[in-house]
file protein20.csv (CSV, C-alpha atoms)
chain,number,residue,atom,x,y,z
A,1497,MET,CA,45.2,116.4,144.7
A,1498,SER,CA,47.3,114.2,142.5
A,1499,GLY,CA,48.3,115.6,139.2
A,1500,GLU,CA,48.5,114.3,135.7
A,1501,VAL,CA,51.0,111.6,134.7
A,1502,ARG,CA,52.3,111.0,131.2
A,1503,VAL,CA,54.0,107.9,130.1
A,1504,PRO,CA,55.6,107.7,126.6
A,1505,ILE,CA,55.0,104.4,125.0
A,1506,ASN,CA,57.8,103.2,122.7
A,1507,GLY,CA,58.1,99.5,123.5
A,1508,ASP,CA,57.0,96.7,125.6
A,1509,ILE,CA,58.9,97.8,128.7
A,1510,ASP,CA,56.8,101.0,128.7
A,1511,ILE,CA,53.6,98.9,129.0
A,1512,VAL,CA,54.9,97.8,132.4
A,1513,THR,CA,55.8,101.4,133.4
A,1514,ALA,CA,52.3,102.6,132.3
A,1515,ARG,CA,50.4,100.1,134.3
A,1516,GLN,CA,52.6,100.6,137.4
A,1517,ARG,CA,52.1,104.4,137.2
A,1518,GLY,CA,48.3,103.8,136.7
A,1519,ARG,CA,48.1,101.6,139.8
A,1520,ASP,CA,50.0,104.2,141.9
A,1521,LEU,CA,47.8,107.0,140.8
A,1522,ALA,CA,44.6,104.9,141.3
A,1523,LEU,CA,45.8,104.1,144.8
A,1524,GLN,CA,46.3,107.8,145.6
A,1525,LEU,CA,42.9,108.6,144.2
A,1526,GLY,CA,41.2,106.2,146.6
A,1527,PHE,CA,40.8,103.0,144.6
A,1528,ALA,CA,41.4,99.8,146.5
A,1529,GLY,CA,41.4,96.0,146.1
A,1530,SER,CA,40.5,94.4,142.8
A,1531,ASP,CA,39.9,97.9,141.2
A,1532,LEU,CA,43.6,98.5,141.3
A,1533,THR,CA,44.3,95.3,139.3
A,1534,VAL,CA,41.4,96.0,137.0
A,1535,ILE,CA,42.7,99.5,136.2
A,1536,ALA,CA,46.3,98.3,135.7
A,1537,THR,CA,45.1,95.5,133.4
A,1538,ALA,CA,43.0,97.9,131.3
A,1539,ILE,CA,46.0,100.2,131.0
A,1540,SER,CA,48.2,97.2,129.9
A,1541,GLU,CA,45.7,96.4,127.1
A,1542,VAL,CA,45.5,99.9,125.6
A,1543,SER,CA,49.3,100.4,126.0
A,1544,ARG,CA,49.9,97.1,124.1
A,1545,ASN,CA,47.6,98.3,121.4
A,1546,ILE,CA,49.8,101.3,120.9
A,1547,VAL,CA,52.9,99.1,120.7
A,1548,THR,CA,51.4,96.6,118.3
A,1549,TYR,CA,49.6,98.9,115.9
A,1550,ALA,CA,51.3,102.3,116.2
A,1551,ALA,CA,54.8,101.5,117.6
A,1552,ARG,CA,54.7,104.7,119.7
A,1553,GLY,CA,52.3,106.9,121.5
A,1554,GLU,CA,51.5,107.9,125.1
A,1555,ILE,CA,49.4,107.1,128.1
A,1556,ILE,CA,48.0,110.1,130.0
A,1557,LEU,CA,46.7,109.4,133.5
A,1558,GLN,CA,44.5,112.0,135.2
A,1559,PRO,CA,42.3,112.3,138.2
A,1560,ALA,CA,38.6,112.5,137.3
A,1561,GLN,CA,36.3,114.8,139.3
A,1562,GLU,CA,32.6,115.2,139.0
A,1563,PRO,CA,30.1,116.7,141.5
A,1564,ASN,CA,29.1,113.4,143.0
A,1565,ARG,CA,32.0,111.1,142.1
A,1566,ARG,CA,35.7,110.9,141.5
A,1567,GLY,CA,37.9,108.5,139.7
A,1568,ILE,CA,40.7,108.1,137.1
A,1569,VAL,CA,40.9,109.0,133.5
A,1570,VAL,CA,43.2,106.9,131.2
A,1571,ILE,CA,44.0,108.3,127.8
A,1572,ALA,CA,45.9,106.2,125.3
A,1573,ARG,CA,47.0,108.3,122.3
A,1574,ASP,CA,48.9,107.5,119.2
A,1575,GLU,CA,49.5,108.8,115.7
A,1576,GLY,CA,49.5,105.3,114.1
A,1577,PRO,CA,47.5,103.9,111.2
A,1578,GLY,CA,44.1,104.3,112.9
A,1579,MET,CA,41.2,101.9,112.8
A,1580,PRO,CA,39.0,101.5,109.7
A,1581,SER,CA,36.2,100.3,112.0
A,1582,VAL,CA,36.0,101.1,115.7
A,1583,GLU,CA,33.0,98.7,115.9
A,1584,ASP,CA,35.2,95.8,114.6
A,1585,ALA,CA,38.0,96.7,117.0
A,1586,LEU,CA,35.5,96.5,119.9
A,1587,ARG,CA,34.2,93.1,118.9
A,1588,ASP,CA,35.4,90.1,120.9
A,1589,GLY,CA,37.8,88.0,118.9
A,1590,PHE,CA,38.5,90.6,116.2
A,1591,SER,CA,42.2,91.2,115.6
A,1592,THR,CA,44.4,92.3,112.8
A,1593,GLY,CA,47.5,91.8,114.9
A,1594,ASN,CA,47.7,88.1,115.7
A,1595,SER,CA,46.3,88.4,119.2
A,1596,LEU,CA,43.2,87.0,121.0
A,1597,GLY,CA,41.2,90.0,120.0
A,1598,LEU,CA,40.2,90.6,123.6
A,1599,GLY,CA,42.4,93.6,124.4
A,1600,LEU,CA,40.1,96.6,123.5
A,1601,PRO,CA,36.7,94.9,124.2
A,1602,GLY,CA,38.2,93.5,127.4
A,1603,ALA,CA,39.5,97.0,128.5
A,1604,ARG,CA,36.0,98.3,127.8
A,1605,ARG,CA,34.5,95.7,130.1
A,1606,LEU,CA,36.9,96.5,132.9
A,1607,MET,CA,36.3,100.2,132.9
A,1608,ASP,CA,33.1,102.2,133.5
A,1609,ASP,CA,33.4,104.7,130.6
A,1610,PHE,CA,35.1,103.9,127.3
A,1611,GLU,CA,35.4,105.9,124.1
A,1612,ILE,CA,37.5,105.5,121.0
A,1613,GLN,CA,38.2,108.2,118.4
A,1614,SER,CA,40.1,106.9,115.4
A,1615,ALA,CA,40.8,108.1,111.9
A,1616,VAL,CA,42.7,106.1,109.3
A,1617,GLY,CA,46.1,107.6,108.7
A,1618,LYS,CA,45.8,110.0,111.7
A,1619,GLY,CA,45.8,107.8,114.8
A,1620,THR,CA,43.7,106.6,117.7
A,1621,THR,CA,42.8,108.0,121.0
A,1622,VAL,CA,41.1,105.8,123.6
A,1623,THR,CA,39.7,107.5,126.6
A,1624,MET,CA,38.5,105.4,129.5
A,1625,LYS,CA,37.3,106.2,133.1
A,1626,LYS,CA,36.8,104.3,136.3
A,1627,TRP,CA,34.9,105.7,139.2
A,1628,VAL,CA,35.7,105.0,142.9
A,1629,ARG,CA,32.9,102.8,144.3
B,667,MET,CA,65.0,91.2,133.3
B,668,SER,CA,65.0,87.6,132.2
B,669,ILE,CA,62.8,85.1,134.0
B,670,PRO,CA,64.9,82.7,136.0
B,671,ILE,CA,64.5,78.9,135.4
B,672,LEU,CA,65.6,76.6,138.1
B,673,LYS,CA,65.9,72.8,138.0
B,674,GLN,CA,64.7,71.2,141.1
B,675,GLY,CA,64.6,67.4,141.0
B,676,PRO,CA,62.6,66.3,138.1
B,677,LEU,CA,61.0,69.7,137.6
B,678,LEU,CA,61.8,73.0,136.0
B,679,ILE,CA,60.6,76.0,137.9
B,680,ALA,CA,60.1,79.4,136.4
B,681,THR,CA,59.2,82.4,138.7
B,682,ILE,CA,57.6,85.3,136.9
B,683,GLN,CA,58.1,88.7,138.5
B,684,GLY,CA,55.6,91.6,138.4
B,685,ALA,CA,57.5,93.8,136.0
B,686,VAL,CA,57.6,91.1,133.3
B,687,THR,CA,57.7,92.4,129.7
B,688,ASP,CA,56.2,90.7,126.6
B,689,ALA,CA,59.8,89.9,125.4
B,690,ASN,CA,60.6,88.2,128.7
B,691,LEU,CA,57.6,85.9,128.3
B,692,ILE,CA,58.5,85.0,124.7
B,693,GLU,CA,62.0,84.3,125.9
B,694,LEU,CA,60.7,82.1,128.7
B,695,ARG,CA,58.6,80.0,126.3
B,696,ASP,CA,61.6,79.4,124.0
B,697,ALA,CA,63.9,78.7,126.9
B,698,LEU,CA,61.5,76.1,128.5
B,699,ALA,CA,61.0,74.4,125.2
B,700,GLU,CA,64.7,74.0,124.8
B,701,ARG,CA,65.5,73.0,128.4
B,702,VAL,CA,62.7,70.4,128.7
B,703,GLY,CA,64.7,68.5,126.1
B,704,ARG,CA,68.2,69.3,127.1
B,705,LEU,CA,67.6,68.5,130.8
B,706,ARG,CA,65.1,65.7,130.1
B,707,THR,CA,62.5,67.3,132.3
B,708,ARG,CA,59.0,65.9,132.5
B,709,GLY,CA,57.3,68.7,134.5
B,710,VAL,CA,57.3,72.5,134.4
B,711,LEU,CA,56.0,74.7,137.2
B,712,VAL,CA,55.4,78.4,136.3
B,713,ASP,CA,54.9,80.5,139.4
B,714,VAL,CA,52.9,83.7,138.7
B,715,SER,CA,52.2,84.7,142.3
B,716,ALA,CA,54.2,87.9,142.0
B,717,LEU,CA,52.4,88.9,138.9
B,718,ASP,CA,49.9,91.7,139.6
B,719,VAL,CA,48.5,92.0,136.0
B,720,MET,CA,47.6,89.1,133.7
B,721,ASP,CA,46.4,90.7,130.5
B,722,SER,CA,45.5,89.1,127.2
B,723,PHE,CA,49.1,88.9,126.0
B,724,ALA,CA,50.4,87.2,129.2
B,725,THR,CA,47.5,84.8,129.2
B,726,ARG,CA,48.2,83.9,125.6
B,727,MET,CA,51.9,83.3,126.4
B,728,LEU,CA,51.1,81.1,129.4
B,729,ARG,CA,48.9,79.0,127.1
B,730,ASN,CA,51.6,78.9,124.5
B,731,ILE,CA,54.1,77.8,127.1
B,732,ALA,CA,51.9,75.0,128.3
B,733,TYR,CA,51.1,73.8,124.8
B,734,THR,CA,54.7,74.0,123.6
B,735,VAL,CA,56.0,72.1,126.7
B,736,LYS,CA,53.3,69.5,126.1
B,737,LEU,CA,54.5,69.0,122.5
B,738,ARG,CA,58.0,68.5,123.9
B,739,GLY,CA,56.6,65.7,126.0
B,740,ALA,CA,56.3,67.4,129.4
B,741,GLU,CA,53.6,68.8,131.6
B,742,THR,CA,53.0,72.3,132.8
B,743,VAL,CA,51.2,73.7,135.9
B,744,ILE,CA,50.6,77.4,136.4
B,745,VAL,CA,50.6,78.3,140.1
B,746,GLY,CA,49.8,81.3,142.2
B,747,ILE,CA,47.2,83.3,140.2
B,748,GLN,CA,46.2,85.9,142.7
B,749,PRO,CA,42.5,86.5,143.6
B,750,ASP,CA,42.3,90.0,142.0
B,751,VAL,CA,44.1,88.7,139.0
B,752,ALA,CA,41.7,85.8,138.6
B,753,PHE,CA,38.7,88.1,139.0
B,754,THR,CA,40.1,90.5,136.4
B,755,MET,CA,40.8,87.7,133.9
B,756,VAL,CA,37.3,86.5,134.1
B,757,GLN,CA,36.0,90.0,133.5
B,758,LEU,CA,38.3,90.3,130.5
B,759,GLY,CA,37.1,87.1,129.1
B,760,LEU,CA,40.5,85.3,129.4
B,761,THR,CA,40.7,81.6,130.0
B,762,LEU,CA,43.5,79.1,130.4
B,763,GLU,CA,41.6,76.4,128.7
B,764,GLY,CA,43.5,73.1,128.7
B,765,VAL,CA,46.2,74.4,131.1
B,766,GLU,CA,46.6,73.0,134.5
B,767,THR,CA,46.5,75.4,137.5
B,768,ALA,CA,47.1,75.0,141.2
B,769,LEU,CA,46.8,77.2,144.2
B,770,ASP,CA,50.5,77.4,145.1
B,771,PHE,CA,53.9,75.9,144.7
B,772,GLU,CA,53.3,72.9,146.9
B,773,GLU,CA,50.0,72.0,145.3
B,774,GLY,CA,51.4,72.5,141.9
B,775,ALA,CA,54.4,70.3,142.6
B,776,GLU,CA,52.1,67.6,143.9
B,777,LEU,CA,49.9,67.7,140.9
B,778,LEU,CA,52.9,67.5,138.6
B,779,ALA,CA,54.3,64.5,140.5
B,780,ARG,CA,51.0,62.7,140.1
B,781,LYS,CA,50.7,63.6,136.4
B,782,ILE,CA,54.3,62.5,135.6
B,783,THR,CA,54.1,59.1,137.4
B,784,LYS,CA,50.5,58.3,136.3
B,785,ASP,CA,51.8,57.4,132.8
B,786,PRO,CA,53.4,54.0,133.5
B,787,GLU,CA,55.1,53.8,130.1
B,788,ARG,CA,57.2,56.8,131.0
B,789,VAL,CA,58.3,56.1,134.5
B,790,GLY,CA,61.9,55.6,135.0
call {"tool": "encode", "arguments": {"input": "protein20.csv", "output": "structure tokens"}}
result
Amino acid sequence: MSGEVRVPINGDIDIVTARQRGRDLALQLGFAGSDLTVIATAISEVSRNIVTYAARGEIILQPAQEPNRRGIVVIARDEGPGMPSVEDALRDGFSTGNSLGLGLPGARRLMDDFEIQSAVGKGTTVTMKKWVR
Amino acid sequence: MSIPILKQGPLLIATIQGAVTDANLIELRDALAERVGRLRTRGVLVDVSALDVMDSFATRMLRNIAYTVKLRGAETVIVGIQPDVAFTMVQLGLTLEGVETALDFEEGAELLARKITKDPERVG
């Protein structure tokens, strides 16, 4: 069984590393075809969020295992400013960082499970999962 | 790694690699805006066929490139968006509104040639 992969995020080059590692792990875990692109793209979005809003953080990639299904867990964690409103952050077109505002809501659409925990002044943790079809 | 820009006949050709960073894309936009003027180029072809991920930032930058090049008096065509990438972009809600796309290099070059010569004022 493949183990956990941690990618420190300190700049835009790390976004590329994170999505490549994510694609590699997803492949090992049995994902194929467009799911690999979907997972890599979702990782790219949450990694960029770290760079844009928190400057640094990390991406943790893990196998997900449940009795009837298996998949991948992607955790994006930072100790940045946090979000005053998670609902706002998940609304299409909402951005405080001069972007399209499609990053987080887009990542949520790409993945099967998606959860944000955020506290102002403490940081943000995004946990998302995709299951092998 | 910077994105190479080649001049081929009347066109500028930029080939984006898979491991492209945000900074590389910003650099490409600025370099194209400058070279379109310096080399008096009327058409820009951006090949993204090696790109395995097109996220919201990359999409925004490609749009920026096309609009910037347009303001400099030239046309841009994006070629080679892969099937999985196209499917993912649609799911993400990303569009390349107002930006020309073509299947591959050949089709893109043909489209650009048509666009450039269609405007009779500018031939020559």
call {"tool": "interface_residues", "arguments": {"input": "protein20.csv", "of": "chain B", "to": "chain A", "cutoff": "10 Å", "atoms": "only C-alpha atoms", "output": "PyMOL selection string"}}
result
chain B and resi 684-690+718-723+725-726+749-760
call {"tool": "residues_around", "arguments": {"input": "protein20.csv", "residues": "region 1552-1556 of chain A", "least_positions_apart": "3", "cutoff": "7 Å", "atoms": "only C-alpha atoms", "output": "PyMOL selection string"}}
result
chain A and resi 1501-1506+1514+1546-1547+1570-1575
call {"tool": "residues_around", "arguments": {"input": "protein20.csv", "residues": "Pro1559 (chain A)", "least_positions_apart": "4", "cutoff": "9 Å", "atoms": "all atoms listed in the file", "output": "ChimeraX atom specification"}}
result
/A:1497-1500,1521-1522,1525,1566-1570
call {"tool": "closest_residue", "arguments": {"input": "protein20.csv", "among": "A:Ala1550, A:Phe1590, A:Asn1564, A:Gln1558", "to": "Pro1577 (chain A)", "atoms": "all atoms listed in the file"}}
result
A:Ala1550
call {"tool": "residues_around", "arguments": {"input": "protein20.csv", "residues": "Gly703 (chain B)", "least_positions_apart": "2", "cutoff": "10 Å", "atoms": "only C-alpha atoms", "output": "list in words"}}
result
Leu698, Ala699, Glu700, Arg701, Leu705, Arg706, Thr707, Arg708, Val735, Arg738, Gly739 and Ala740 of chain B
call {"tool": "residues_near_point", "arguments": {"input": "protein20.csv", "point": "(50.9, 76.3, 142.7)", "cutoff": "9 Å", "atoms": "only C-alpha atoms", "output": "list in words"}}
result
Leu711, Val712, Asp713, Val714, Ser715, Val743, Ile744, Val745, Gly746, Ile747, Thr767, Ala768, Leu769, Asp770, Phe771, Glu772, Glu773, Gly774, Ala775, Glu776 and Leu777 of chain B
call {"tool": "atom_distance", "arguments": {"input": "protein20.csv", "atom1": "CA of Met1607 (chain A)", "atom2": "CA of Ser1543 (chain A)"}}
result
14.7 Å
call {"tool": "residues_around", "arguments": {"input": "protein20.csv", "residues": "Gly709 (chain B)", "least_positions_apart": "2", "cutoff": "7 Å", "atoms": "only C-alpha atoms", "output": "short mmCIF file (atom, residue, chain, number, x, y, z; two decimals) with C-alpha atoms, in the coordinates of the input"}}
result
data_model
loop_
_atom_site.label_atom_id
_atom_site.label_comp_id
_atom_site.auth_asym_id
_atom_site.auth_seq_id
_atom_site.Cartn_x
_atom_site.Cartn_y
_atom_site.Cartn_z
CA PRO B 676 62.60 66.30 138.10
CA LEU B 677 61.00 69.70 137.60
CA LEU B 678 61.80 73.00 136.00
CA THR B 707 62.50 67.30 132.30
CA LEU B 711 56.00 74.70 137.20
CA ALA B 740 56.30 67.40 129.40
CA GLU B 741 53.60 68.80 131.60
CA THR B 742 53.00 72.30 132.80
CA LEU B 778 52.90 67.50 138.60
CA ILE B 782 54.30 62.50 135.60
#
call {"tool": "atom_distance", "arguments": {"input": "protein20.csv", "atom1": "CA of Met1624 (chain A)", "atom2": "CA of Ile1612 (chain A)"}}
result
8.6 Å
call {"tool": "atom_distance", "arguments": {"input": "protein20.csv", "atom1": "CA of Leu737 (chain B)", "atom2": "CA of Arg704 (chain B)"}}
result
14.5 Å
call {"tool": "closest_residue", "arguments": {"input": "protein20.csv", "among": "A:Gly1518, A:Gly1589, A:Gly1578, A:Pro1563", "to": "Lys1625 (chain A)", "atoms": "all atoms listed in the file"}}
result
A:Gly1518
call {"tool": "build_atoms", "arguments": {"input": "protein20.csv", "residues": "region 1508-1524 of chain A", "atoms": "N, CA and C atoms", "output": "PDB file, keeping the file's coordinate frame"}}
result
ATOM      1  N   ASP A1508      57.716  97.446 124.652  1.00  0.00           N
ATOM      2  CA  ASP A1508      57.000  96.700 125.600  1.00  0.00           C
ATOM      3  C   ASP A1508      57.310  96.958 127.075  1.00  0.00           C
ATOM      4  N   ILE A1509      58.531  97.444 127.316  1.00  0.00           N
ATOM      5  CA  ILE A1509      58.900  97.800 128.700  1.00  0.00           C
ATOM      6  C   ILE A1509      58.042  98.960 129.218  1.00  0.00           C
ATOM      7  N   ASP A1510      57.620  99.845 128.311  1.00  0.00           N
ATOM      8  CA  ASP A1510      56.800 101.000 128.700  1.00  0.00           C
ATOM      9  C   ASP A1510      55.378 100.585 129.115  1.00  0.00           C
ATOM     10  N   ILE A1511      54.938  99.421 128.628  1.00  0.00           N
ATOM     11  CA  ILE A1511      53.600  98.900 129.000  1.00  0.00           C
ATOM     12  C   ILE A1511      53.641  98.660 130.542  1.00  0.00           C
ATOM     13  N   VAL A1512      54.762  98.087 131.005  1.00  0.00           N
ATOM     14  CA  VAL A1512      54.900  97.800 132.400  1.00  0.00           C
ATOM     15  C   VAL A1512      54.929  99.101 133.237  1.00  0.00           C
ATOM     16  N   THR A1513      55.687 100.085 132.742  1.00  0.00           N
ATOM     17  CA  THR A1513      55.800 101.400 133.400  1.00  0.00           C
ATOM     18  C   THR A1513      54.368 102.023 133.502  1.00  0.00           C
ATOM     19  N   ALA A1514      53.639 102.004 132.392  1.00  0.00           N
ATOM     20  CA  ALA A1514      52.300 102.600 132.300  1.00  0.00           C
ATOM     21  C   ALA A1514      51.367 102.027 133.350  1.00  0.00           C
ATOM     22  N   ARG A1515      51.373 100.701 133.425  1.00  0.00           N
ATOM     23  CA  ARG A1515      50.400 100.100 134.300  1.00  0.00           C
ATOM     24  C   ARG A1515      50.816 100.272 135.802  1.00  0.00           C
ATOM     25  N   GLN A1516      52.145 100.353 136.042  1.00  0.00           N
ATOM     26  CA  GLN A1516      52.600 100.600 137.400  1.00  0.00           C
ATOM     27  C   GLN A1516      52.206 102.036 137.845  1.00  0.00           C
ATOM     28  N   ARG A1517      52.430 103.012 136.944  1.00  0.00           N
ATOM     29  CA  ARG A1517      52.100 104.400 137.200  1.00  0.00           C
ATOM     30  C   ARG A1517      50.554 104.522 137.468  1.00  0.00           C
ATOM     31  N   GLY A1518      49.802 103.796 136.629  1.00  0.00           N
ATOM     32  CA  GLY A1518      48.300 103.800 136.700  1.00  0.00           C
ATOM     33  C   GLY A1518      47.871 103.281 138.063  1.00  0.00           C
ATOM     34  N   ARG A1519      48.488 102.183 138.486  1.00  0.00           N
ATOM     35  CA  ARG A1519      48.100 101.600 139.800  1.00  0.00           C
ATOM     36  C   ARG A1519      48.454 102.575 140.909  1.00  0.00           C
ATOM     37  N   ASP A1520      49.646 103.201 140.825  1.00  0.00           N
ATOM     38  CA  ASP A1520      50.000 104.200 141.900  1.00  0.00           C
ATOM     39  C   ASP A1520      49.051 105.318 141.953  1.00  0.00           C
ATOM     40  N   LEU A1521      48.688 105.886 140.789  1.00  0.00           N
ATOM     41  CA  LEU A1521      47.800 107.000 140.800  1.00  0.00           C
ATOM     42  C   LEU A1521      46.385 106.581 141.309  1.00  0.00           C
ATOM     43  N   ALA A1522      45.937 105.411 140.879  1.00  0.00           N
ATOM     44  CA  ALA A1522      44.600 104.900 141.300  1.00  0.00           C
ATOM     45  C   ALA A1522      44.582 104.757 142.834  1.00  0.00           C
ATOM     46  N   LEU A1523      45.689 104.272 143.379  1.00  0.00           N
ATOM     47  CA  LEU A1523      45.800 104.100 144.800  1.00  0.00           C
ATOM     48  C   LEU A1523      45.654 105.466 145.528  1.00  0.00           C
ATOM     49  N   GLN A1524      46.395 106.456 145.007  1.00  0.00           N
ATOM     50  CA  GLN A1524      46.300 107.800 145.600  1.00  0.00           C
ATOM     51  C   GLN A1524      44.937 108.402 145.463  1.00  0.00           C
TER      52      GLN A1524
END
